[in-house]
>>> print(open('protein.json').read())   # JSON, C-alpha atoms and all ligand atoms
[["chain", "number", "residue", "atom", "x", "y", "z"],
["A", 1, "MET", "CA", 77.98, 19.46, -48.40],
["A", 2, "ALA", "CA", 79.20, 20.41, -44.96],
["A", 3, "ALA", "CA", 80.25, 23.58, -46.77],
["A", 4, "VAL", "CA", 76.63, 24.58, -47.08],
["A", 5, "ASP", "CA", 76.14, 24.44, -43.34],
["A", 6, "GLN", "CA", 79.15, 26.69, -42.84],
["A", 7, "ILE", "CA", 77.97, 29.55, -44.96],
["A", 8, "SER", "CA", 74.20, 29.31, -44.95],
["A", 9, "GLU", "CA", 73.88, 31.19, -41.68],
["A", 10, "PRO", "CA", 72.32, 34.47, -42.88],
["A", 11, "TRP", "CA", 74.59, 36.98, -41.15],
["A", 12, "SER", "CA", 77.76, 35.13, -42.07],
["A", 13, "ASN", "CA", 76.62, 35.09, -45.65],
["A", 14, "SER", "CA", 75.84, 38.83, -45.65],
["A", 15, "ILE", "CA", 79.27, 39.55, -44.20],
["A", 16, "ILE", "CA", 80.96, 37.55, -46.97],
["A", 17, "ARG", "CA", 78.93, 39.36, -49.61],
["A", 18, "ALA", "CA", 79.89, 42.74, -48.13],
["A", 19, "ALA", "CA", 83.55, 41.71, -47.99],
["A", 20, "PHE", "CA", 83.42, 41.10, -51.75],
["A", 21, "LEU", "CA", 82.20, 44.66, -52.20],
["A", 22, "GLY", "CA", 85.33, 45.91, -50.46],
["A", 23, "ILE", "CA", 84.09, 46.31, -46.90],
["A", 24, "ARG", "CA", 86.85, 45.57, -44.38],
["A", 25, "GLN", "CA", 86.36, 47.38, -41.14],
["A", 26, "PHE", "CA", 84.07, 46.57, -38.27],
["A", 27, "GLU", "CA", 82.29, 49.92, -38.38],
["A", 28, "ALA", "CA", 81.76, 49.68, -42.11],
["A", 29, "PHE", "CA", 80.24, 46.18, -41.83],
["A", 30, "GLN", "CA", 78.06, 47.43, -39.03],
["A", 31, "GLN", "CA", 76.85, 50.40, -41.05],
["A", 32, "LYS", "CA", 76.29, 48.47, -44.24],
["A", 33, "LEU", "CA", 74.51, 45.50, -42.70],
["A", 34, "GLY", "CA", 72.92, 46.93, -39.59],
["A", 35, "ILE", "CA", 73.91, 43.87, -37.56],
["A", 36, "PRO", "CA", 73.87, 44.21, -33.76],
["A", 37, "ARG", "CA", 77.48, 44.83, -32.71],
["A", 38, "GLN", "CA", 77.74, 41.79, -30.49],
["A", 39, "THR", "CA", 76.42, 39.52, -33.26],
["A", 40, "LEU", "CA", 78.74, 41.08, -35.81],
["A", 41, "SER", "CA", 81.71, 40.53, -33.58],
["A", 42, "LEU", "CA", 80.79, 36.87, -33.02],
["A", 43, "ARG", "CA", 80.20, 36.25, -36.72],
["A", 44, "LEU", "CA", 83.46, 37.89, -37.74],
["A", 45, "ALA", "CA", 85.30, 35.74, -35.21],
["A", 46, "TYR", "CA", 83.52, 32.67, -36.58],
["A", 47, "LEU", "CA", 84.46, 33.49, -40.18],
["A", 48, "VAL", "CA", 88.08, 33.96, -39.10],
["A", 49, "LYS", "CA", 87.94, 30.64, -37.25],
["A", 50, "ILE", "CA", 86.66, 28.68, -40.25],
["A", 51, "GLY", "CA", 89.25, 30.34, -42.45],
["A", 52, "LEU", "CA", 87.19, 32.58, -44.73],
["A", 53, "LEU", "CA", 88.40, 35.89, -43.31],
["A", 54, "ARG", "CA", 91.68, 36.92, -41.74],
["A", 55, "LYS", "CA", 92.22, 39.67, -39.24],
["A", 56, "GLN", "CA", 94.92, 42.15, -40.07],
["A", 57, "ALA", "CA", 96.16, 45.24, -38.23],
["A", 58, "TYR", "CA", 95.85, 48.39, -40.33],
["A", 59, "GLN", "CA", 96.76, 50.90, -37.64],
["A", 60, "SER", "CA", 98.91, 50.58, -34.55],
["A", 61, "GLN", "CA", 97.97, 53.59, -32.41],
["A", 62, "PRO", "CA", 95.40, 52.79, -31.34],
["A", 63, "LEU", "CA", 95.61, 49.24, -32.61],
["A", 64, "ARG", "CA", 92.85, 48.56, -35.15],
["A", 65, "HIS", "CA", 92.09, 45.54, -37.28],
["A", 66, "GLU", "CA", 90.33, 44.96, -40.52],
["A", 67, "TYR", "CA", 88.95, 41.78, -42.00],
["A", 68, "ARG", "CA", 90.05, 40.51, -45.36],
["A", 69, "LEU", "CA", 88.96, 37.53, -47.39],
["A", 70, "THR", "CA", 91.41, 34.62, -47.32],
["A", 71, "GLN", "CA", 92.02, 32.62, -50.49],
["A", 72, "ASP", "CA", 89.35, 30.16, -49.32],
["A", 73, "GLY", "CA", 87.00, 33.08, -48.86],
["A", 74, "LYS", "CA", 87.83, 34.50, -52.28],
["A", 75, "ASN", "CA", 87.10, 31.11, -53.80],
["A", 76, "LEU", "CA", 83.47, 31.72, -52.86],
["A", 77, "HIS", "CA", 83.27, 34.51, -55.40],
["A", 78, "ASP", "CA", 81.52, 32.54, -58.12],
["A", 79, "ASN", "CA", 79.04, 31.34, -55.56],
["A", 80, "VAL", "CA", 78.37, 34.88, -54.36],
["A", 81, "LEU", "CA", 77.81, 35.98, -57.98],
["A", 82, "ALA", "CA", 75.41, 33.08, -58.44],
["A", 83, "SER", "CA", 73.48, 34.01, -55.32],
["A", 84, "TRP", "CA", 73.23, 37.65, -56.41],
["A", 85, "SER", "CA", 71.84, 36.63, -59.77],
["A", 86, "TRP", "CA", 69.25, 34.37, -58.24],
["A", 87, "ASP", "CA", 68.22, 36.91, -55.63],
["A", 88, "ARG", "CA", 67.88, 39.61, -58.25],
["A", 89, "ARG", "CA", 65.68, 37.49, -60.39],
["A", 90, "TRP", "CA", 63.60, 35.60, -57.86],
["A", 91, "GLY", "CA", 64.21, 37.03, -54.43],
["A", 92, "ASP", "CA", 62.17, 39.64, -52.64],
["A", 93, "PRO", "CA", 62.80, 43.10, -54.01],
["A", 94, "GLY", "CA", 64.17, 45.46, -51.43],
["A", 95, "LYS", "CA", 66.70, 43.06, -49.98],
["A", 96, "ASN", "CA", 70.07, 44.57, -49.37],
["A", 97, "ILE", "CA", 71.77, 43.33, -52.54],
["A", 98, "PRO", "CA", 73.48, 45.26, -55.30],
["A", 99, "ARG", "CA", 71.02, 46.00, -58.12],
["A", 100, "ARG", "CA", 73.73, 46.43, -60.72],
["A", 101, "LEU", "CA", 77.19, 44.96, -61.10],
["A", 102, "VAL", "CA", 79.94, 46.41, -63.26],
["A", 103, "HIS", "CA", 82.90, 44.43, -64.58],
["A", 104, "SER", "CA", 85.95, 46.68, -64.15],
["A", 105, "VAL", "CA", 87.81, 44.97, -67.02],
["A", 106, "CYS", "CA", 85.30, 45.80, -69.77],
["A", 107, "LEU", "CA", 83.58, 48.58, -67.80],
["A", 108, "HIS", "CA", 80.16, 47.23, -68.66],
["A", 109, "GLU", "CA", 77.26, 46.40, -66.49],
["A", 110, "PHE", "CA", 76.92, 42.64, -66.60],
["A", 111, "LYS", "CA", 75.07, 39.57, -65.46],
["A", 112, "PRO", "CA", 77.16, 36.66, -64.26],
["A", 113, "LEU", "CA", 76.83, 33.68, -66.63],
["A", 114, "LEU", "CA", 77.73, 30.13, -65.70],
["A", 115, "VAL", "CA", 79.90, 28.32, -68.23],
["A", 116, "CYS", "CA", 81.84, 25.07, -68.40],
["A", 117, "GLU", "CA", 85.51, 25.70, -67.54],
["A", 118, "HIS", "CA", 86.57, 23.09, -70.11],
["A", 119, "CYS", "CA", 84.59, 23.99, -73.23],
["A", 120, "ALA", "CA", 83.14, 27.44, -72.34],
["A", 121, "GLU", "CA", 79.58, 26.43, -73.23],
["A", 122, "SER", "CA", 76.91, 27.67, -70.88],
["A", 123, "LEU", "CA", 75.87, 25.25, -68.15],
["A", 124, "THR", "CA", 72.33, 24.57, -67.07],
["A", 125, "LEU", "CA", 70.63, 21.73, -65.25],
["A", 126, "ARG", "CA", 69.56, 20.31, -68.59],
["A", 127, "ASN", "CA", 73.03, 19.85, -69.98],
["A", 128, "VAL", "CA", 74.67, 18.25, -66.94],
["A", 129, "SER", "CA", 74.27, 14.92, -65.23],
["A", 130, "ALA", "CA", 74.95, 14.46, -61.53],
["A", 131, "GLN", "CA", 76.54, 11.73, -59.48],
["A", 132, "LEU", "CA", 75.63, 11.66, -55.85],
["A", 133, "THR", "CA", 76.95, 9.60, -52.93],
["A", 134, "CYS", "CA", 75.33, 10.00, -49.54],
["A", 135, "GLN", "CA", 76.39, 8.45, -46.29],
["A", 136, "PRO", "CA", 74.37, 8.66, -43.12],
["A", 137, "LEU", "CA", 75.59, 11.30, -40.70],
["A", 138, "PRO", "CA", 76.22, 10.39, -37.08],
["A", 139, "ASN", "CA", 72.97, 10.85, -35.16],
["A", 140, "THR", "CA", 74.28, 13.66, -33.00],
["A", 141, "THR", "CA", 75.21, 15.79, -35.98],
["A", 142, "ARG", "CA", 71.88, 15.13, -37.54],
["A", 143, "ALA", "CA", 70.03, 16.26, -34.43],
["A", 144, "ILE", "CA", 71.91, 19.55, -34.37],
["A", 145, "ARG", "CA", 71.21, 20.19, -38.01],
["A", 146, "ASN", "CA", 67.52, 19.53, -37.65],
["A", 147, "ASN", "CA", 67.42, 21.87, -34.76],
["A", 148, "ARG", "CA", 68.75, 24.82, -36.62],
["A", 149, "TRP", "CA", 66.33, 24.42, -39.45],
["A", 150, "ARG", "CA", 64.25, 27.55, -39.74],
["A", 151, "VAL", "CA", 60.64, 27.92, -40.62],
["A", 152, "ALA", "CA", 59.69, 30.00, -43.64],
["A", 153, "ASN", "CA", 58.87, 33.60, -42.76],
["A", 154, "ALA", "CA", 55.63, 34.95, -44.04],
["A", 155, "ASP", "CA", 54.95, 38.64, -44.51],
["A", 156, "ASP", "CA", 51.69, 40.35, -43.52],
["A", 157, "LYS", "CA", 49.99, 39.24, -46.74],
["A", 158, "GLY", "CA", 50.88, 35.65, -45.91],
["A", 159, "GLN", "CA", 53.39, 35.52, -48.78],
["A", 160, "THR", "CA", 56.44, 33.46, -48.06],
["A", 161, "GLN", "CA", 59.56, 35.60, -48.12],
["A", 162, "ARG", "CA", 62.12, 34.27, -50.43],
["A", 163, "ASP", "CA", 65.81, 34.78, -50.82],
["A", 164, "ILE", "CA", 68.52, 32.34, -51.55],
["A", 165, "LEU", "CA", 69.31, 31.90, -47.87],
["A", 166, "ALA", "CA", 65.76, 30.98, -47.07],
["A", 167, "VAL", "CA", 66.02, 28.42, -49.83],
["A", 168, "ILE", "CA", 69.41, 26.90, -49.18],
["A", 169, "ASP", "CA", 69.15, 26.27, -45.49],
["A", 170, "ASP", "CA", 71.50, 23.42, -45.21],
["A", 171, "ARG", "CA", 72.79, 20.41, -47.08],
["A", 172, "TRP", "CA", 69.38, 18.77, -47.34],
["A", 173, "SER", "CA", 68.01, 21.51, -49.57],
["A", 174, "VAL", "CA", 70.96, 21.10, -51.90],
["A", 175, "LEU", "CA", 70.82, 17.33, -51.92],
["A", 176, "LEU", "CA", 67.10, 17.26, -52.51],
["A", 177, "ILE", "CA", 67.34, 19.56, -55.51],
["A", 178, "ALA", "CA", 70.24, 17.49, -56.80],
["A", 179, "ALA", "CA", 68.16, 14.33, -56.39],
["A", 180, "VAL", "CA", 65.41, 15.76, -58.56],
["A", 181, "ALA", "CA", 68.02, 16.87, -61.08],
["A", 182, "LEU", "CA", 69.28, 13.29, -61.10],
["A", 183, "GLY", "CA", 65.87, 12.08, -62.18],
["A", 184, "PHE", "CA", 64.30, 11.04, -58.88],
["A", 185, "HIS", "CA", 60.82, 12.37, -58.34],
["A", 186, "ARG", "CA", 59.16, 10.31, -55.61],
["A", 187, "TYR", "CA", 59.13, 10.43, -51.85],
["A", 188, "ASP", "CA", 60.38, 6.90, -51.31],
["A", 189, "GLN", "CA", 63.21, 7.45, -53.78],
["A", 190, "PHE", "CA", 64.35, 10.55, -51.88],
["A", 191, "LEU", "CA", 64.31, 8.59, -48.63],
["A", 192, "GLU", "CA", 66.41, 5.89, -50.11],
["A", 193, "ILE", "CA", 69.09, 7.82, -51.95],
["A", 194, "LEU", "CA", 69.48, 10.67, -49.47],
["A", 195, "ASN", "CA", 69.55, 8.68, -46.24],
["A", 196, "ILE", "CA", 67.23, 11.31, -44.83],
["A", 197, "SER", "CA", 64.67, 10.78, -42.10],
["A", 198, "SER", "CA", 61.05, 10.85, -43.15],
["A", 199, "ALA", "CA", 60.24, 13.76, -40.84],
["A", 200, "VAL", "CA", 63.03, 15.92, -42.23],
["A", 201, "LEU", "CA", 62.16, 15.03, -45.79],
["A", 202, "ALA", "CA", 58.49, 15.90, -45.32],
["A", 203, "GLN", "CA", 59.47, 19.23, -43.76],
["A", 204, "ARG", "CA", 61.79, 20.11, -46.61],
["A", 205, "LEU", "CA", 59.36, 19.16, -49.34],
["A", 206, "LYS", "CA", 56.64, 21.23, -47.75],
["A", 207, "ARG", "CA", 58.94, 24.21, -47.50],
["A", 208, "MET", "CA", 60.17, 23.86, -51.05],
["A", 209, "GLY", "CA", 56.56, 23.89, -52.14],
["A", 210, "GLU", "CA", 55.88, 27.06, -50.12],
["A", 211, "LEU", "CA", 58.89, 28.74, -51.68],
["A", 212, "LYS", "CA", 57.67, 27.61, -55.12],
["A", 213, "LEU", "CA", 60.88, 25.74, -55.91],
["A", 214, "MET", "CA", 59.19, 22.41, -56.36],
["A", 215, "LYS", "CA", 55.79, 21.41, -57.52],
["A", 216, "LYS", "CA", 54.01, 18.17, -56.93],
["A", 217, "LYS", "CA", 51.34, 16.44, -58.90],
["A", 218, "PRO", "CA", 49.83, 12.98, -58.71],
["A", 219, "ASP", "CA", 52.19, 10.35, -60.04],
["A", 220, "PRO", "CA", 50.99, 9.32, -63.53],
["A", 221, "LYS", "CA", 51.85, 5.71, -62.66],
["A", 222, "ASP", "CA", 50.07, 5.63, -59.31],
["A", 223, "ALA", "CA", 47.80, 8.53, -58.41],
["A", 224, "ARG", "CA", 48.06, 7.79, -54.68],
["A", 225, "ARG", "CA", 51.67, 8.92, -54.78],
["A", 226, "SER", "CA", 53.12, 12.34, -55.54],
["A", 227, "PHE", "CA", 55.50, 13.24, -58.31],
["A", 228, "TYR", "CA", 57.89, 16.09, -57.47],
["A", 229, "SER", "CA", 59.61, 18.28, -60.05],
["A", 230, "LEU", "CA", 61.52, 21.56, -60.03],
["A", 231, "THR", "CA", 59.84, 24.78, -61.09],
["A", 232, "LYS", "CA", 61.74, 27.32, -63.19],
["A", 233, "ILE", "CA", 62.69, 29.05, -59.93],
["A", 234, "GLY", "CA", 64.09, 25.80, -58.57],
["A", 235, "GLN", "CA", 65.97, 25.03, -61.80],
["A", 236, "ASP", "CA", 67.56, 28.45, -61.65],
["A", 237, "LEU", "CA", 69.31, 27.46, -58.43],
["A", 238, "PHE", "CA", 71.68, 25.37, -60.47],
["A", 239, "PRO", "CA", 74.57, 27.91, -60.71],
["A", 240, "TYR", "CA", 74.38, 28.32, -56.95],
["A", 241, "LEU", "CA", 74.39, 24.55, -56.38],
["A", 242, "LEU", "CA", 77.22, 23.88, -58.75],
["A", 243, "THR", "CA", 79.48, 26.59, -57.36],
["A", 244, "ILE", "CA", 78.79, 25.71, -53.74],
["A", 245, "THR", "CA", 79.48, 22.01, -54.31],
["A", 246, "ALA", "CA", 82.71, 22.85, -56.13],
["A", 247, "TRP", "CA", 83.79, 25.13, -53.30],
["A", 248, "GLY", "CA", 82.89, 22.56, -50.66],
["A", 249, "ARG", "CA", 84.93, 19.88, -52.41],
["A", 250, "SER", "CA", 87.93, 22.19, -52.53],
["A", 251, "ARG", "CA", 87.83, 22.55, -48.74],
["A", 252, "GLN", "CA", 87.19, 19.17, -47.24],
["A", 253, "PRO", "CA", 85.67, 15.88, -48.25],
["A", 254, "GLY", "CA", 82.32, 15.52, -46.51],
["A", 255, "PRO", "CA", 80.02, 12.58, -45.82],
["A", 256, "ASP", "CA", 78.39, 13.12, -49.18],
["A", 257, "THR", "CA", 79.76, 14.09, -52.52],
["A", 258, "LEU", "CA", 78.09, 15.50, -55.53],
["A", 259, "HIS", "CA", 79.75, 15.63, -58.92],
["A", 260, "TRP", "CA", 78.36, 17.23, -62.06],
["A", 261, "GLN", "CA", 79.32, 16.16, -65.54],
["A", 262, "HIS", "CA", 78.83, 18.34, -68.60],
["A", 263, "LYS", "CA", 77.04, 16.13, -71.10],
["A", 264, "SER", "CA", 78.47, 17.66, -74.25],
["A", 265, "CYS", "CA", 82.19, 17.62, -73.33],
["A", 266, "GLN", "CA", 81.97, 14.76, -70.79],
["A", 267, "ASN", "CA", 84.16, 16.57, -68.27],
["A", 268, "LEU", "CA", 83.41, 16.84, -64.57],
["A", 269, "VAL", "CA", 82.66, 20.51, -64.04],
["A", 270, "SER", "CA", 82.93, 23.06, -61.25],
["A", 271, "GLY", "CA", 81.62, 25.85, -63.45],
["A", 272, "ARG", "CA", 83.00, 29.32, -63.93],
["A", 273, "MET", "CA", 81.19, 32.63, -63.77],
["A", 274, "VAL", "CA", 81.87, 34.92, -66.70],
["A", 275, "CYS", "CA", 80.82, 38.44, -67.63],
["A", 276, "SER", "CA", 77.76, 38.52, -69.92],
["A", 277, "HIS", "CA", 79.35, 41.36, -71.85],
["A", 278, "CYS", "CA", 82.97, 40.30, -72.52],
["A", 279, "LEU", "CA", 82.64, 36.59, -71.61],
["A", 280, "GLN", "CA", 85.82, 36.71, -69.52],
["A", 281, "ALA", "CA", 85.98, 35.09, -66.07],
["A", 282, "VAL", "CA", 85.02, 37.57, -63.39],
["A", 283, "LEU", "CA", 87.55, 37.82, -60.56],
["A", 284, "PRO", "CA", 86.82, 39.14, -57.06],
["A", 285, "HIS", "CA", 88.59, 42.49, -57.41],
["A", 286, "GLU", "CA", 86.98, 43.16, -60.80],
["A", 287, "VAL", "CA", 83.42, 43.71, -59.70],
["A", 288, "PHE", "CA", 81.87, 46.81, -58.29],
["A", 289, "SER", "CA", 78.41, 48.00, -57.65],
["A", 290, "PRO", "CA", 77.78, 51.55, -58.83],
["A", 291, "ALA", "CA", 76.23, 53.71, -56.11],
["A", 292, "ARG", "CA", 72.51, 54.09, -56.60],
["A", 293, "ALA", "CA", 71.74, 57.36, -58.32],
["B", 301, "ZN", "ZN", 82.04, 21.39, -71.16],
["B", 302, "ZN", "ZN", 83.23, 42.10, -68.88]]
>>> encode(input="protein.json", output="structure tokens", more="lines below")
Ligand SMILES: [Zn+2]
Ligand SMILES: [Zn+2]
Amino acid sequence: MAAVDQISEPWSNSIIRAAFLGIRQFEAFQQKLGIPRQTLSLRLAYLVKIGLLRKQAYQSQPLRHEYRLTQDGKNLHDNVLASWSWDRRWGDPGKNIPRRLVHSVCLHEFKPLLVCEHCAESLTLRNVSAQLTCQPLPNTTRAIRNNRWRVANADDKGQTQRDILAVIDDRWSVLLIAAVALGFHRYDQFLEILNISSAVLAQRLKRMGELKLMKKKPDPKDARRSFYSLTKIGQDLFPYLLTITAWGRSRQPGPDTLHWQHKSCQNLVSGRMVCSHCLQAVLPHEVFSPARA
């Protein structure tokens, strides 16, 4: 889950998305994303440091560099496809995301679909079960994480702005959604299985309510307590969750692990994104976004 903290910083995430659309040079990133130059330069250096981009000279006089995705960076492709799909469906319109994606193998416009890599059936929250292990983080780390938690932005109509990065702030958002998927629905259960502090949990639940990812109603067994469940919007985060957990596991074992098992074939799954038209896996160099007419 540490993986989530590494890529949930908004600018870093936008840079990775742009890199998948073929952007490589500093000026091009700057133009596409409109990031202040200083920030862009820091974020690029950070992404090189954590091994998602590598810097490569493309010209010697004068010396100029471009930034390319490393293998670890390319492995985020399924996750980037998942985040595009979610943003297109549920995010604020007008965000800087591609409206249409074309699969260069079949030359059709497509939607990325999440399937089981073992049996090719489509994967949803309903047909997987999750296994979760959480260990407490050292207090210092926890303090830093809480600090960087952002408040939800509201626009001038008081509507909460929503995109996947507002939703997946850090590991807690992922773990909390996973906990509900596992069949836990009550505050005290979350506290117990997530090893989360009460203050952080209350904050997150409130925010997930504002973003309409979770709903709460009185617990049928005890009306003084609340019963939390995922809305359709929250359930639709599943492809994002699955692909980010799979990616995180491939990088480094963290203090918590989350495994998903496909109920019908019984295999542990990482998921694979395929083209809705030809049903083939979609690889990083096979996607483009046609220029808006
Ligand atoms: Zn399967
Ligand atoms: Zn295709």
>>> closest_residue(input="protein.json", among="A:Glu210, A:Asp87, A:Glu117, A:Glu66", to="ligand ZN 301 (chain B)", atoms="only C-alpha atoms and all ligand atoms")
A:Glu117
>>> closest_atom_pairs(input="protein.json", of="segment 203-258 of chain A", to="segment 171-182 of chain A", cutoff="9 Å", atoms="all atoms listed in the file", output="Markdown table")
| residue | atom | partner | partner_atom | distance |
| --- | --- | --- | --- | --- |
| A:Arg204 | CA | A:Ser173 | CA | 7.0 |
| A:Leu205 | CA | A:Leu176 | CA | 8.6 |
| A:Met208 | CA | A:Ser173 | CA | 8.3 |
| A:Leu213 | CA | A:Ile177 | CA | 8.9 |
| A:Met214 | CA | A:Ile177 | CA | 8.7 |
| A:Tyr228 | CA | A:Val180 | CA | 7.6 |
| A:Ser229 | CA | A:Val180 | CA | 6.5 |
| A:Leu230 | CA | A:Val180 | CA | 7.1 |
| A:Gly234 | CA | A:Ile177 | CA | 7.7 |
| A:Gln235 | CA | A:Ala181 | CA | 8.4 |
| A:Leu237 | CA | A:Ile177 | CA | 8.6 |
| A:Phe238 | CA | A:Ile177 | CA | 8.8 |
| A:Leu241 | CA | A:Val174 | CA | 6.6 |
| A:Thr245 | CA | A:Val174 | CA | 8.9 |
| A:Leu258 | CA | A:Ala178 | CA | 8.2 |
>>> closest_atom_pairs(input="protein.json", of="chain A", to="ligand ZN 301 (chain B)", cutoff="9 Å", atoms="all atoms listed in the file", output="CSV")
residue,atom,partner,partner_atom,distance
A:Val115,CA,B:ZN301,ZN,7.8
A:Cys116,CA,B:ZN301,ZN,4.6
A:Glu117,CA,B:ZN301,ZN,6.6
A:His118,CA,B:ZN301,ZN,5.0
A:Cys119,CA,B:ZN301,ZN,4.2
A:Ala120,CA,B:ZN301,ZN,6.3
A:Glu121,CA,B:ZN301,ZN,6.0
A:Ser122,CA,B:ZN301,ZN,8.1
A:Leu123,CA,B:ZN301,ZN,7.9
A:Gln261,CA,B:ZN301,ZN,8.1
A:His262,CA,B:ZN301,ZN,5.1
A:Lys263,CA,B:ZN301,ZN,7.3
A:Ser264,CA,B:ZN301,ZN,6.0
A:Cys265,CA,B:ZN301,ZN,4.4
A:Gln266,CA,B:ZN301,ZN,6.6
A:Asn267,CA,B:ZN301,ZN,6.0
A:Leu268,CA,B:ZN301,ZN,8.1
A:Val269,CA,B:ZN301,ZN,7.2
A:Gly271,CA,B:ZN301,ZN,8.9
>>> residues_near_ligand(input="protein.json", ligand="ligand ZN 302 (chain B)", cutoff="9 Å", atoms="only C-alpha atoms and all ligand atoms", output="PDB file with C-alpha atoms, in the coordinates of the input")
ATOM      1  CA  VAL A 102      79.940  46.410 -63.260  1.00  0.00           C
ATOM      2  CA  HIS A 103      82.900  44.430 -64.580  1.00  0.00           C
ATOM      3  CA  SER A 104      85.950  46.680 -64.150  1.00  0.00           C
ATOM      4  CA  VAL A 105      87.810  44.970 -67.020  1.00  0.00           C
ATOM      5  CA  CYS A 106      85.300  45.800 -69.770  1.00  0.00           C
ATOM      6  CA  LEU A 107      83.580  48.580 -67.800  1.00  0.00           C
ATOM      7  CA  HIS A 108      80.160  47.230 -68.660  1.00  0.00           C
ATOM      8  CA  GLU A 109      77.260  46.400 -66.490  1.00  0.00           C
ATOM      9  CA  PHE A 110      76.920  42.640 -66.600  1.00  0.00           C
ATOM     10  CA  VAL A 274      81.870  34.920 -66.700  1.00  0.00           C
ATOM     11  CA  CYS A 275      80.820  38.440 -67.630  1.00  0.00           C
ATOM     12  CA  SER A 276      77.760  38.520 -69.920  1.00  0.00           C
ATOM     13  CA  HIS A 277      79.350  41.360 -71.850  1.00  0.00           C
ATOM     14  CA  CYS A 278      82.970  40.300 -72.520  1.00  0.00           C
ATOM     15  CA  LEU A 279      82.640  36.590 -71.610  1.00  0.00           C
ATOM     16  CA  GLN A 280      85.820  36.710 -69.520  1.00  0.00           C
ATOM     17  CA  ALA A 281      85.980  35.090 -66.070  1.00  0.00           C
ATOM     18  CA  VAL A 282      85.020  37.570 -63.390  1.00  0.00           C
ATOM     19  CA  GLU A 286      86.980  43.160 -60.800  1.00  0.00           C
TER      20      GLU A 286
END
>>> closest_residue(input="protein.json", among="A:Ile196, A:Ala130, A:Trp90, A:Ser226", to="Lys212 of chain A", atoms="all atoms listed in the file")
A:Trp90
>>> atom_distance(input="protein.json", atom1="atom CA of Leu53 of chain A", atom2="atom CA of Gly73 of chain A")
6.4 Å
>>> residues_around(input="protein.json", residues="Ile35 of chain A", least_positions_apart="3", cutoff="12 Å", atoms="all atoms listed in the file", output="mmCIF file with C-alpha atoms, in the frame of the given file")
data_model
loop_
_atom_site.group_PDB
_atom_site.id
_atom_site.type_symbol
_atom_site.label_atom_id
_atom_site.label_comp_id
_atom_site.auth_asym_id
_atom_site.auth_seq_id
_atom_site.Cartn_x
_atom_site.Cartn_y
_atom_site.Cartn_z
ATOM 1 C CA PRO A 10 72.320 34.470 -42.880
ATOM 2 C CA TRP A 11 74.590 36.980 -41.150
ATOM 3 C CA SER A 12 77.760 35.130 -42.070
ATOM 4 C CA SER A 14 75.840 38.830 -45.650
ATOM 5 C CA ILE A 15 79.270 39.550 -44.200
ATOM 6 C CA PHE A 26 84.070 46.570 -38.270
ATOM 7 C CA GLU A 27 82.290 49.920 -38.380
ATOM 8 C CA ALA A 28 81.760 49.680 -42.110
ATOM 9 C CA PHE A 29 80.240 46.180 -41.830
ATOM 10 C CA GLN A 30 78.060 47.430 -39.030
ATOM 11 C CA GLN A 31 76.850 50.400 -41.050
ATOM 12 C CA LYS A 32 76.290 48.470 -44.240
ATOM 13 C CA GLN A 38 77.740 41.790 -30.490
ATOM 14 C CA THR A 39 76.420 39.520 -33.260
ATOM 15 C CA LEU A 40 78.740 41.080 -35.810
ATOM 16 C CA SER A 41 81.710 40.530 -33.580
ATOM 17 C CA LEU A 42 80.790 36.870 -33.020
ATOM 18 C CA ARG A 43 80.200 36.250 -36.720
ATOM 19 C CA LEU A 44 83.460 37.890 -37.740
#
